[in-house]
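Trainee: Can you read through this structure? Questions will come right after.
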Amino acid sequence: MRMVVLGLGYLGATHAACMAELGHEVLGIEVIPDKRAQLAAGEVPFYEPGLPELLKKHIDSGALKVSGSYTDAADFADVFFIAVGTPQKKGEYSADLQYVESAIEELVPLLTRDALILGKSTVPVGTAQKLSERVDELAKDVDVQIAWNPEFLREGFAVADTLHPDRVVLGAFPGSCAEEVCRDIYGSIISSGTPFIVTDPPTAELVKTSANAFLATKISFINAIAEVCDAAGADVRAIADAIGYDARIGRRFLNAGLGFGGGCLPKDIRAFMARAGELGAAEALSFLREVDNVNMRRRTRMVELTREVCGGSLLGKRIAILGAAFKPKSDDVRDSPALNVAGQIQLQGASVAVYDPKAMDNSRKLFPTLDYAVSAHEACDKADVVLVLTEWEEFVSLNPSDLEPFVRQRNIIDGRNCLDASSWKSAGWRYCA
Ligand code: UDX
């Protein structure tokens with residue numbers, strides 16, 4: 001089938017390449033010229049394992065084309081995916097829908113044949129209904145339908161999550177052709193037994209926001225338990241393992257540490273709270289404010305812990321920060337807990353040296369005043385404390401003897417509970433987590 005993907009960021013570029021991999025003919029629309037040129041040359045402008053190979057394969061075969069023109073988009077196909085960003089509004093909790101809205105405003109007046117628009121971006125409940133009314137105003141003598149088909153991919157596993165999702169969810173209005181079209185698009189995925197849930201648009205929108213809210217709650221739950229563990233002298237990792245054996249709870253997303261960041265969970269729970277407020281249901285989601293609070297407290301706690309290890313003041317200390325991405329296998333630093341901690345520590349008078357295997361360029365753009373090192377060794381040079389803030393395998397597999405020639409003092413804080421505490425302690429390091 002021929003289809004267009006509007007927006008080629010983390011979500012859209014992955015979706016476009018994966019749709020080509022499923023055998024479809026895809027045109028990706030990217031309005032930022034530099035990004036578009038890179039993608040058209042078969043290069044991925046961000047780090048996502050497995051995606052460069054897939055993109056190159058389908059750019060080379062011609063199954064995937066890239067353009068910046070909505071006229072090209074309208075000519076190319078009758079099925080359109082919206083995969084543009086929905087960031088948090090500046091100074092507000094709600095989602096900024098300007099990119100979704102402008103995609104609709106630009107595309108629909110150009111359509112000369114009946115079409116289906118499938119939204120993939122994460123949007124507040126009620127968005128499809130609002131957009132559908134606007135589409136009806138904009139469409140000229142053609143039937144343009146809209147439906148929502150949320151995406152659940154994780155950065156770092158985006159290709160596998162798109163090609164082998166846990167479920168496909170579709171929210172369609174009554175009488176829509178969307179179910180039939182999605183059965184074609186995702187034919188091989190659905191026939192391999194992946195659940196295909198067809199519902200109405202508000203439910204589909206809420207499936208996505210509820211999933212992210214639940215994941216955020218799970219992480220903040222274990223981090224709240226970690227606070228109690230700190231006070232009581234208990235081991236949160238052992239608790240997570242023990243409760244995780246209960247199939248009703250499950251061990252995944254119970255890793256205590258510096259908490260969640262990135263371009264999705266933080267802004268999605270805030271947008272969810274804002275939308276519930278607009279709907280008069282603010283009280284129902286008031287617990288998400290505490291989920292957010294627990295999460296933000298982790299960052300402050302990490303700074304305090306570093307100050308404690310430095311003897312009460314960070315002034316004049318040198319701190320090595322290992323990790324800048326919001327999680328491993330990603331170069332994404334949006335709302336990165338690691339960079340937030342690095343910034344706070346610097347503000348308290350320490351010099352920080354940051355190293356990340358993939359996120360250096362993005363970090364420099366966001367926090368140009370931090371010092372950056374070209375390796376973990378260089379970051380640790382003359383360090384009073386080493387902080388591990390993103391659990392990259394490169395850091396998890398470090399041995400105490402790897403860092404000993406470089407550091408000034410043998411202090412390590414494990415912000416992701418990912419190191420083998422006993423090996424650091426037995427090598428004479430002060431280890432905190
Ligand atoms: C998330 C959802 O998982 C995905 O389904 C949705 O489509 C987009 O948002 P992503 O933002 O890629 O995906 O990251 P995820 O793997 O969920 O991790 C989010 C954050 O939580 C990271 O900062 C990670 O370090 C943190 N995390 C995760 C924990 O602190 N503890 C855990 O146990 C798991």
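To be explicit about the labels: the chains of the structure tokens are called A, B, and onward in the order shown, and within each one the residues are counted from 1, while ligands get numbers from 1 in the order they are shown.
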Around ligand 1, at most 9 Å away and counting only C-alpha atoms and all ligand atoms, which residues are there? Put them as a PDB file with N, CA and C atoms, in the first residue's frame, please.

Mentor:
```
ATOM      1  N   LEU A  11       9.806   9.007  16.203  1.00  0.00           N
ATOM      2  CA  LEU A  11       8.634   8.179  15.896  1.00  0.00           C
ATOM      3  C   LEU A  11       8.437   8.021  14.389  1.00  0.00           C
ATOM      4  N   THR A 122       1.156  11.178  20.341  1.00  0.00           N
ATOM      5  CA  THR A 122       0.418  11.098  21.608  1.00  0.00           C
ATOM      6  C   THR A 122      -0.317  12.418  21.835  1.00  0.00           C
ATOM      7  N   PRO A 150      -2.422   4.904  18.098  1.00  0.00           N
ATOM      8  CA  PRO A 150      -1.270   5.317  18.906  1.00  0.00           C
ATOM      9  C   PRO A 150      -0.085   4.363  18.799  1.00  0.00           C
ATOM     10  N   GLU A 151       1.080   4.938  19.073  1.00  0.00           N
ATOM     11  CA  GLU A 151       2.340   4.193  18.959  1.00  0.00           C
ATOM     12  C   GLU A 151       2.907   3.990  20.365  1.00  0.00           C
ATOM     13  N   PHE A 152       3.449   2.811  20.609  1.00  0.00           N
ATOM     14  CA  PHE A 152       3.953   2.508  21.957  1.00  0.00           C
ATOM     15  C   PHE A 152       5.454   2.244  21.964  1.00  0.00           C
ATOM     16  N   LEU A 153       6.158   2.623  20.891  1.00  0.00           N
ATOM     17  CA  LEU A 153       7.574   2.231  20.808  1.00  0.00           C
ATOM     18  C   LEU A 153       8.427   2.930  21.867  1.00  0.00           C
ATOM     19  N   ARG A 154       9.458   2.192  22.294  1.00  0.00           N
ATOM     20  CA  ARG A 154      10.450   2.752  23.219  1.00  0.00           C
ATOM     21  C   ARG A 154      11.669   3.143  22.412  1.00  0.00           C
ATOM     22  N   GLU A 155      12.274   4.283  22.737  1.00  0.00           N
ATOM     23  CA  GLU A 155      13.551   4.617  22.110  1.00  0.00           C
ATOM     24  C   GLU A 155      14.556   3.542  22.515  1.00  0.00           C
ATOM     25  N   GLY A 156      15.457   3.253  21.613  1.00  0.00           N
ATOM     26  CA  GLY A 156      16.434   2.193  21.880  1.00  0.00           C
ATOM     27  C   GLY A 156      15.960   0.832  21.375  1.00  0.00           C
ATOM     28  N   PHE A 157      14.628   0.662  21.303  1.00  0.00           N
ATOM     29  CA  PHE A 157      14.047  -0.598  20.802  1.00  0.00           C
ATOM     30  C   PHE A 157      12.968  -0.284  19.771  1.00  0.00           C
ATOM     31  N   ALA A 158      13.104   0.892  19.130  1.00  0.00           N
ATOM     32  CA  ALA A 158      12.005   1.420  18.323  1.00  0.00           C
ATOM     33  C   ALA A 158      11.664   0.511  17.140  1.00  0.00           C
ATOM     34  N   ASP A 161      10.004  -2.712  18.409  1.00  0.00           N
ATOM     35  CA  ASP A 161       8.671  -2.419  18.951  1.00  0.00           C
ATOM     36  C   ASP A 161       7.671  -2.115  17.842  1.00  0.00           C
ATOM     37  N   LYS A 208      -3.139   5.161  25.199  1.00  0.00           N
ATOM     38  CA  LYS A 208      -1.734   5.595  25.170  1.00  0.00           C
ATOM     39  C   LYS A 208      -1.372   6.376  26.427  1.00  0.00           C
ATOM     40  N   ALA A 211      -1.268   4.128  29.481  1.00  0.00           N
ATOM     41  CA  ALA A 211      -0.092   3.240  29.515  1.00  0.00           C
ATOM     42  C   ALA A 211       1.115   4.003  30.047  1.00  0.00           C
ATOM     43  N   ASN A 212       1.338   5.200  29.528  1.00  0.00           N
ATOM     44  CA  ASN A 212       2.497   5.972  29.995  1.00  0.00           C
ATOM     45  C   ASN A 212       2.343   6.408  31.449  1.00  0.00           C
ATOM     46  N   LEU A 215       3.196   3.386  33.585  1.00  0.00           N
ATOM     47  CA  LEU A 215       4.646   3.127  33.630  1.00  0.00           C
ATOM     48  C   LEU A 215       5.348   4.134  34.544  1.00  0.00           C
ATOM     49  N   ALA A 216       4.957   5.405  34.425  1.00  0.00           N
ATOM     50  CA  ALA A 216       5.563   6.440  35.275  1.00  0.00           C
ATOM     51  C   ALA A 216       5.246   6.164  36.748  1.00  0.00           C
ATOM     52  N   LYS A 218       4.653   3.279  38.104  1.00  0.00           N
ATOM     53  CA  LYS A 218       5.406   2.111  38.560  1.00  0.00           C
ATOM     54  C   LYS A 218       6.816   2.538  38.974  1.00  0.00           C
ATOM     55  N   ILE A 219       7.430   3.391  38.160  1.00  0.00           N
ATOM     56  CA  ILE A 219       8.794   3.837  38.474  1.00  0.00           C
ATOM     57  C   ILE A 219       8.783   4.685  39.753  1.00  0.00           C
ATOM     58  N   SER A 220       7.831   5.607  39.855  1.00  0.00           N
ATOM     59  CA  SER A 220       7.800   6.443  41.057  1.00  0.00           C
ATOM     60  C   SER A 220       7.416   5.633  42.288  1.00  0.00           C
ATOM     61  N   ILE A 222       8.399   2.560  42.983  1.00  0.00           N
ATOM     62  CA  ILE A 222       9.606   1.908  43.520  1.00  0.00           C
ATOM     63  C   ILE A 222      10.590   2.960  44.038  1.00  0.00           C
ATOM     64  N   ASN A 223      10.573   4.142  43.448  1.00  0.00           N
ATOM     65  CA  ASN A 223      11.451   5.200  43.958  1.00  0.00           C
ATOM     66  C   ASN A 223      10.965   5.728  45.305  1.00  0.00           C
ATOM     67  N   ARG A 251       8.410  -7.643  37.358  1.00  0.00           N
ATOM     68  CA  ARG A 251       9.667  -7.000  37.735  1.00  0.00           C
ATOM     69  C   ARG A 251      10.020  -5.797  36.847  1.00  0.00           C
ATOM     70  N   ARG A 252       9.469  -5.764  35.624  1.00  0.00           N
ATOM     71  CA  ARG A 252       9.887  -4.704  34.696  1.00  0.00           C
ATOM     72  C   ARG A 252       9.388  -3.331  35.149  1.00  0.00           C
ATOM     73  N   PHE A 253      10.211  -2.300  34.898  1.00  0.00           N
ATOM     74  CA  PHE A 253       9.906  -0.923  35.306  1.00  0.00           C
ATOM     75  C   PHE A 253       9.855  -0.754  36.817  1.00  0.00           C
ATOM     76  N   LEU A 254      10.594  -1.625  37.524  1.00  0.00           N
ATOM     77  CA  LEU A 254      10.737  -1.459  38.971  1.00  0.00           C
ATOM     78  C   LEU A 254      12.199  -1.193  39.313  1.00  0.00           C
ATOM     79  N   ASN A 255      12.936  -0.564  38.397  1.00  0.00           N
ATOM     80  CA  ASN A 255      14.325  -0.233  38.714  1.00  0.00           C
ATOM     81  C   ASN A 255      14.365   1.133  39.380  1.00  0.00           C
ATOM     82  N   ALA A 256      14.693   1.111  40.665  1.00  0.00           N
ATOM     83  CA  ALA A 256      14.790   2.367  41.407  1.00  0.00           C
ATOM     84  C   ALA A 256      16.061   3.090  40.992  1.00  0.00           C
ATOM     85  N   GLY A 257      16.055   4.394  41.121  1.00  0.00           N
ATOM     86  CA  GLY A 257      17.243   5.168  40.758  1.00  0.00           C
ATOM     87  C   GLY A 257      16.883   6.610  40.526  1.00  0.00           C
ATOM     88  N   LEU A 258      17.470   7.163  39.484  1.00  0.00           N
ATOM     89  CA  LEU A 258      17.326   8.592  39.214  1.00  0.00           C
ATOM     90  C   LEU A 258      15.977   8.957  38.590  1.00  0.00           C
ATOM     91  N   GLY A 259      15.188   7.947  38.270  1.00  0.00           N
ATOM     92  CA  GLY A 259      13.833   8.224  37.797  1.00  0.00           C
ATOM     93  C   GLY A 259      13.724   8.433  36.303  1.00  0.00           C
ATOM     94  N   PHE A 260      12.501   8.764  35.892  1.00  0.00           N
ATOM     95  CA  PHE A 260      12.242   8.817  34.455  1.00  0.00           C
ATOM     96  C   PHE A 260      12.447  10.216  33.882  1.00  0.00           C
ATOM     97  N   GLY A 261      12.867  10.253  32.619  1.00  0.00           N
ATOM     98  CA  GLY A 261      12.996  11.495  31.861  1.00  0.00           C
ATOM     99  C   GLY A 261      12.603  11.181  30.437  1.00  0.00           C
ATOM    100  N   GLY A 262      13.135  11.976  29.500  1.00  0.00           N
ATOM    101  CA  GLY A 262      12.868  11.716  28.088  1.00  0.00           C
ATOM    102  C   GLY A 262      11.738  12.578  27.553  1.00  0.00           C
ATOM    103  N   GLY A 263      11.458  12.340  26.270  1.00  0.00           N
ATOM    104  CA  GLY A 263      10.475  13.165  25.578  1.00  0.00           C
ATOM    105  C   GLY A 263       9.050  12.696  25.773  1.00  0.00           C
ATOM    106  N   CYS A 264       8.833  11.620  26.559  1.00  0.00           N
ATOM    107  CA  CYS A 264       7.458  11.095  26.654  1.00  0.00           C
ATOM    108  C   CYS A 264       6.884  11.097  28.067  1.00  0.00           C
ATOM    109  N   LEU A 265       7.415  10.252  28.955  1.00  0.00           N
ATOM    110  CA  LEU A 265       6.728  10.062  30.240  1.00  0.00           C
ATOM    111  C   LEU A 265       6.497  11.371  30.997  1.00  0.00           C
ATOM    112  N   PRO A 266       7.524  12.237  31.175  1.00  0.00           N
ATOM    113  CA  PRO A 266       7.263  13.440  31.987  1.00  0.00           C
ATOM    114  C   PRO A 266       6.185  14.327  31.375  1.00  0.00           C
ATOM    115  N   ASP A 268       3.939  13.528  29.138  1.00  0.00           N
ATOM    116  CA  ASP A 268       2.645  12.866  28.966  1.00  0.00           C
ATOM    117  C   ASP A 268       1.833  12.846  30.261  1.00  0.00           C
ATOM    118  N   ASN A 295       9.445  11.692  41.360  1.00  0.00           N
ATOM    119  CA  ASN A 295      10.443  11.600  40.288  1.00  0.00           C
ATOM    120  C   ASN A 295      11.426  12.769  40.338  1.00  0.00           C
ATOM    121  N   ALA A 325      22.394  10.803  28.397  1.00  0.00           N
ATOM    122  CA  ALA A 325      21.116  10.445  27.752  1.00  0.00           C
ATOM    123  C   ALA A 325      20.093  10.084  28.829  1.00  0.00           C
ATOM    124  N   PHE A 326      18.805  10.231  28.513  1.00  0.00           N
ATOM    125  CA  PHE A 326      17.784   9.940  29.535  1.00  0.00           C
ATOM    126  C   PHE A 326      17.696   8.453  29.834  1.00  0.00           C
ATOM    127  N   LYS A 327      18.264   7.644  28.947  1.00  0.00           N
ATOM    128  CA  LYS A 327      18.360   6.200  29.209  1.00  0.00           C
ATOM    129  C   LYS A 327      19.397   5.641  28.238  1.00  0.00           C
ATOM    130  N   PRO A 328      19.904   4.426  28.500  1.00  0.00           N
ATOM    131  CA  PRO A 328      20.895   3.877  27.572  1.00  0.00           C
ATOM    132  C   PRO A 328      20.299   3.539  26.211  1.00  0.00           C
ATOM    133  N   SER A 330      20.233   5.370  23.678  1.00  0.00           N
ATOM    134  CA  SER A 330      19.566   6.531  23.107  1.00  0.00           C
ATOM    135  C   SER A 330      20.507   7.724  23.198  1.00  0.00           C
ATOM    136  N   ASP A 335      14.636  16.367  28.777  1.00  0.00           N
ATOM    137  CA  ASP A 335      14.349  16.160  30.205  1.00  0.00           C
ATOM    138  C   ASP A 335      15.213  15.043  30.795  1.00  0.00           C
ATOM    139  N   SER A 336      16.500  15.106  30.498  1.00  0.00           N
ATOM    140  CA  SER A 336      17.397  14.058  30.986  1.00  0.00           C
ATOM    141  C   SER A 336      17.704  14.258  32.464  1.00  0.00           C
ATOM    142  N   PRO A 337      17.398  13.254  33.301  1.00  0.00           N
ATOM    143  CA  PRO A 337      17.733  13.379  34.723  1.00  0.00           C
ATOM    144  C   PRO A 337      19.234  13.603  34.921  1.00  0.00           C
ATOM    145  N   THR A 390      23.441   7.180  33.828  1.00  0.00           N
ATOM    146  CA  THR A 390      22.726   6.446  32.771  1.00  0.00           C
ATOM    147  C   THR A 390      23.401   5.077  32.682  1.00  0.00           C
ATOM    148  N   GLU A 391      22.600   4.029  32.680  1.00  0.00           N
ATOM    149  CA  GLU A 391      23.183   2.680  32.811  1.00  0.00           C
ATOM    150  C   GLU A 391      23.639   2.090  31.468  1.00  0.00           C
ATOM    151  N   ARG A 416      21.783   4.591  39.117  1.00  0.00           N
ATOM    152  CA  ARG A 416      20.824   3.702  38.448  1.00  0.00           C
ATOM    153  C   ARG A 416      20.805   2.306  39.056  1.00  0.00           C
TER     154      ARG A 416
END
```

Trainee: Using DSSP on the backbone coordinates, identify the residues of range 166-349 of chain A assigned to helix (DSSP H, G or I); present them as a ChimeraX atom specification.

Mentor: /A:178-185,187-191,201-232,236-244,265-278,282-309,337-347

Trainee: Can you pull out every residue within 10 Å of Leu398 in chain A, counting only C-alpha atoms, but drop anything in the same chain fewer than 3 positions away, and send it as a PyMOL selection string?

Mentor: chain A and resi 376+393-395+401-403+419-420+424

Trainee: Would you export the selected residues with N, CA and C atoms as a CSV table (one decimal), in the first residue's frame, please?

Mentor:
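Okay, again-v4.csv is ready:
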```csv
chain,number,residue,atom,x,y,z
A,376,ALA,N,35.2,8.0,29.4
A,376,ALA,CA,34.9,7.9,30.8
A,376,ALA,C,36.2,8.2,31.6
A,393,GLU,N,26.0,0.0,29.1
A,393,GLU,CA,26.8,-1.2,29.3
A,393,GLU,C,28.2,-0.8,29.6
A,394,GLU,N,28.7,0.2,28.9
A,394,GLU,CA,30.1,0.6,29.0
A,394,GLU,C,30.4,1.0,30.5
A,395,PHE,N,29.4,1.6,31.2
A,395,PHE,CA,29.6,1.9,32.6
A,395,PHE,C,29.4,0.8,33.5
A,401,SER,N,39.4,-1.0,39.1
A,401,SER,CA,40.8,-0.7,38.7
A,401,SER,C,40.9,0.1,37.4
A,402,ASP,N,39.8,0.1,36.6
A,402,ASP,CA,39.8,0.9,35.3
A,402,ASP,C,39.9,2.4,35.7
A,403,LEU,N,39.2,2.8,36.8
A,403,LEU,CA,39.1,4.3,37.1
A,403,LEU,C,40.2,4.7,38.1
A,419,LEU,N,25.4,-1.1,39.2
A,419,LEU,CA,26.8,-1.6,39.4
A,419,LEU,C,26.8,-2.7,40.5
A,420,ASP,N,27.9,-3.5,40.4
A,420,ASP,CA,28.0,-4.5,41.4
A,420,ASP,C,28.7,-3.9,42.7
A,424,TRP,N,33.0,-2.9,44.1
A,424,TRP,CA,33.5,-1.5,44.3
A,424,TRP,C,33.9,-1.4,45.8
```

Trainee: Write out as a compact mmCIF listing (two decimals) with N, CA and C atoms, in the first residue's frame the set of residues from range 244-399 of chain A that DSSP, computed on the backbone, places in strand (DSSP E).

Mentor:
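Wrote selection.txt, looks like this:
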```txt
# COMPACT_ATOMS: atom_id res chain seq x y z
N ARG A 318 35.53 18.33 42.03
CA ARG A 318 35.45 17.91 40.63
C ARG A 318 34.61 16.64 40.56
N ILE A 319 33.56 16.71 39.77
CA ILE A 319 32.60 15.60 39.71
C ILE A 319 32.57 15.01 38.30
N ALA A 320 32.76 13.71 38.22
CA ALA A 320 32.64 13.01 36.92
C ALA A 320 31.20 12.55 36.76
N ILE A 321 30.62 12.87 35.61
CA ILE A 321 29.23 12.44 35.34
C ILE A 321 29.29 11.44 34.19
N LEU A 322 28.98 10.20 34.49
CA LEU A 322 28.96 9.18 33.43
C LEU A 322 27.51 8.95 33.01
N SER A 351 33.08 21.67 39.57
CA SER A 351 33.27 21.56 38.12
C SER A 351 32.86 20.14 37.74
N VAL A 352 32.09 20.04 36.67
CA VAL A 352 31.62 18.71 36.27
C VAL A 352 32.22 18.36 34.91
N ALA A 353 32.51 17.09 34.73
CA ALA A 353 32.96 16.61 33.42
C ALA A 353 32.01 15.50 33.01
N VAL A 354 31.32 15.71 31.90
CA VAL A 354 30.27 14.79 31.47
C VAL A 354 30.78 13.94 30.32
N TYR A 355 30.47 12.64 30.39
CA TYR A 355 30.75 11.77 29.24
C TYR A 355 29.55 10.85 29.01
N ASP A 371 31.32 20.98 31.22
CA ASP A 371 32.53 20.46 30.56
C ASP A 371 32.23 19.07 30.03
N TYR A 372 32.74 18.80 28.86
CA TYR A 372 32.51 17.47 28.28
C TYR A 372 33.84 16.75 28.06
N VAL A 385 34.34 12.66 43.05
CA VAL A 385 33.25 11.66 43.06
C VAL A 385 32.90 11.31 41.62
N VAL A 386 32.61 10.04 41.39
CA VAL A 386 32.14 9.59 40.07
C VAL A 386 30.65 9.28 40.21
N LEU A 387 29.84 9.85 39.32
CA LEU A 387 28.39 9.58 39.33
C LEU A 387 28.02 8.79 38.08
N VAL A 388 27.37 7.65 38.27
CA VAL A 388 26.86 6.90 37.12
C VAL A 388 25.37 7.21 37.01
```

Trainee: List as JSON lines every residue of range 128-216 of chain A that is in contact with range 93-99 of chain A, defined as an atom at most 12 Å from one of its atoms (using only C-alpha atoms), together with the nearest atom pair and the distance in Å rounded to one decimal, sorted by chain and then rising number.

Mentor:
```
{"residue": "A:Ala128", "atom": "CA", "partner": "A:Leu97", "partner_atom": "CA", "distance": 11.5}
{"residue": "A:Lys130", "atom": "CA", "partner": "A:Leu97", "partner_atom": "CA", "distance": 11.5}
{"residue": "A:Leu131", "atom": "CA", "partner": "A:Leu97", "partner_atom": "CA", "distance": 10.6}
{"residue": "A:Thr209", "atom": "CA", "partner": "A:Ala95", "partner_atom": "CA", "distance": 11.7}
```

Trainee: Which residues are near Ser176 in chain A? Cut-off 9 Å, only C-alpha atoms, ignore same chain within fewer than 2 positions. Put them as a PDB file with N, CA, C and O atoms, in the first residue's frame.

Mentor:
```pdb
ATOM      1  N   LEU A 116      -7.633   8.850   4.282  1.00  0.00           N
ATOM      2  CA  LEU A 116      -7.692   8.484   5.702  1.00  0.00           C
ATOM      3  C   LEU A 116      -6.440   9.023   6.387  1.00  0.00           C
ATOM      4  O   LEU A 116      -5.314   8.767   5.936  1.00  0.00           O
ATOM      5  N   GLN A 145     -11.289  11.101   6.307  1.00  0.00           N
ATOM      6  CA  GLN A 145     -11.587  10.561   7.634  1.00  0.00           C
ATOM      7  C   GLN A 145     -10.343  10.636   8.512  1.00  0.00           C
ATOM      8  O   GLN A 145      -9.220  10.606   8.011  1.00  0.00           O
ATOM      9  N   ILE A 146     -10.593  10.669   9.809  1.00  0.00           N
ATOM     10  CA  ILE A 146      -9.459  10.669  10.734  1.00  0.00           C
ATOM     11  C   ILE A 146      -9.688   9.578  11.772  1.00  0.00           C
ATOM     12  O   ILE A 146     -10.827   9.301  12.166  1.00  0.00           O
ATOM     13  N   ALA A 147      -8.625   8.908  12.169  1.00  0.00           N
ATOM     14  CA  ALA A 147      -8.710   7.875  13.207  1.00  0.00           C
ATOM     15  C   ALA A 147      -7.404   7.927  13.990  1.00  0.00           C
ATOM     16  O   ALA A 147      -6.432   8.524  13.530  1.00  0.00           O
ATOM     17  N   ALA A 172     -11.468   4.404  15.916  1.00  0.00           N
ATOM     18  CA  ALA A 172     -12.110   4.871  14.676  1.00  0.00           C
ATOM     19  C   ALA A 172     -13.538   5.341  14.972  1.00  0.00           C
ATOM     20  O   ALA A 172     -14.214   4.788  15.852  1.00  0.00           O
ATOM     21  N   PHE A 173     -13.973   6.342  14.226  1.00  0.00           N
ATOM     22  CA  PHE A 173     -15.358   6.809  14.347  1.00  0.00           C
ATOM     23  C   PHE A 173     -16.277   5.803  13.650  1.00  0.00           C
ATOM     24  O   PHE A 173     -15.841   5.069  12.735  1.00  0.00           O
ATOM     25  N   PRO A 174     -17.574   5.743  14.023  1.00  0.00           N
ATOM     26  CA  PRO A 174     -18.501   4.797  13.383  1.00  0.00           C
ATOM     27  C   PRO A 174     -18.517   4.987  11.864  1.00  0.00           C
ATOM     28  O   PRO A 174     -18.463   6.121  11.375  1.00  0.00           O
ATOM     29  N   ALA A 178     -11.204   2.894   8.576  1.00  0.00           N
ATOM     30  CA  ALA A 178      -9.876   2.760   9.189  1.00  0.00           C
ATOM     31  C   ALA A 178      -9.527   1.316   9.566  1.00  0.00           C
ATOM     32  O   ALA A 178      -8.375   0.889   9.412  1.00  0.00           O
ATOM     33  N   GLU A 179     -10.528   0.550  10.058  1.00  0.00           N
ATOM     34  CA  GLU A 179     -10.208  -0.817  10.477  1.00  0.00           C
ATOM     35  C   GLU A 179      -9.727  -1.648   9.283  1.00  0.00           C
ATOM     36  O   GLU A 179      -8.711  -2.343   9.361  1.00  0.00           O
ATOM     37  N   GLU A 180     -10.461  -1.534   8.182  1.00  0.00           N
ATOM     38  CA  GLU A 180     -10.095  -2.290   6.976  1.00  0.00           C
ATOM     39  C   GLU A 180      -8.687  -1.888   6.495  1.00  0.00           C
ATOM     40  O   GLU A 180      -7.864  -2.746   6.167  1.00  0.00           O
TER      41      GLU A 180
END
```

Trainee: Check the smallest atom-to-atom distance from each of A:Ala16, A:Gly42, A:Trp148, A:Glu48 to Asp60 in chain A using only C-alpha atoms, then report the winner.

Mentor: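 The closest residue to Asp60 in chain A is A:Gly42.
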
Trainee: With distances taken over only C-alpha atoms, which of A:Leu170, A:Ser422, A:Arg183, A:Gly23 is nearest to Ser61 in chain A?

Mentor: A:Gly23

Trainee: Pick out the residues sitting within 10 Å of Asn340 in chain A, and hand them over as a list in words; count only C-alpha atoms, and ignore anything fewer than 6 positions along from it in its own chain.

Mentor: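 My reading of the contact set: Gly261, Met296, Arg299, Thr300, Val303, Ala324, Val333 and Phe367 of chain A.
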
Trainee: Selection from above, all heavy atoms, as a compact mmCIF listing (two decimals), in the first residue's frame, can you write it?

Mentor:
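What ended up in again-v8.txt:
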```
# COMPACT_ATOMS: atom_id res chain seq x y z
N GLY A 261 12.87 10.25 32.62
CA GLY A 261 13.00 11.50 31.86
C GLY A 261 12.60 11.18 30.44
O GLY A 261 11.85 10.24 30.17
N MET A 296 10.92 13.97 40.52
CA MET A 296 11.81 15.14 40.54
C MET A 296 12.68 15.15 41.80
O MET A 296 13.82 15.61 41.77
CB MET A 296 11.00 16.44 40.45
CG MET A 296 10.22 16.59 39.15
SD MET A 296 11.16 16.19 37.67
CE MET A 296 12.04 17.70 37.40
N ARG A 299 16.20 13.59 41.61
CA ARG A 299 17.30 14.39 41.06
C ARG A 299 17.93 15.22 42.18
O ARG A 299 19.15 15.29 42.30
CB ARG A 299 16.77 15.30 39.94
CG ARG A 299 16.10 14.48 38.83
CD ARG A 299 15.50 15.35 37.75
NE ARG A 299 14.76 14.52 36.78
CZ ARG A 299 14.26 14.95 35.64
NH1 ARG A 299 14.38 16.23 35.30
NH2 ARG A 299 13.61 14.14 34.83
N THR A 300 17.08 15.84 43.01
CA THR A 300 17.59 16.65 44.12
C THR A 300 18.36 15.76 45.09
O THR A 300 19.41 16.14 45.60
CB THR A 300 16.40 17.29 44.89
OG1 THR A 300 15.36 17.56 43.97
CG2 THR A 300 16.81 18.54 45.60
N VAL A 303 21.85 15.08 44.03
CA VAL A 303 22.73 16.23 44.26
C VAL A 303 23.12 16.26 45.75
O VAL A 303 24.30 16.43 46.10
CB VAL A 303 22.05 17.55 43.83
CG1 VAL A 303 22.94 18.76 44.12
CG2 VAL A 303 21.70 17.50 42.35
N ALA A 324 24.58 10.90 30.03
CA ALA A 324 23.84 12.15 29.82
C ALA A 324 22.49 11.87 29.17
O ALA A 324 21.53 12.61 29.39
CB ALA A 324 24.64 13.10 28.93
N VAL A 333 18.36 13.63 25.00
CA VAL A 333 18.62 14.27 26.29
C VAL A 333 17.44 15.15 26.72
O VAL A 333 17.57 15.95 27.64
CB VAL A 333 19.92 15.12 26.25
CG1 VAL A 333 21.13 14.25 26.04
CG2 VAL A 333 19.85 16.21 25.17
N PHE A 367 23.12 22.01 27.15
CA PHE A 367 23.85 22.54 28.31
C PHE A 367 25.26 22.93 27.88
O PHE A 367 26.24 22.27 28.24
CB PHE A 367 23.94 21.46 29.41
CG PHE A 367 22.74 21.37 30.30
CD1 PHE A 367 21.64 20.62 29.92
CD2 PHE A 367 22.71 22.01 31.54
CE1 PHE A 367 20.53 20.53 30.74
CE2 PHE A 367 21.59 21.92 32.36
CZ PHE A 367 20.50 21.18 31.95
```
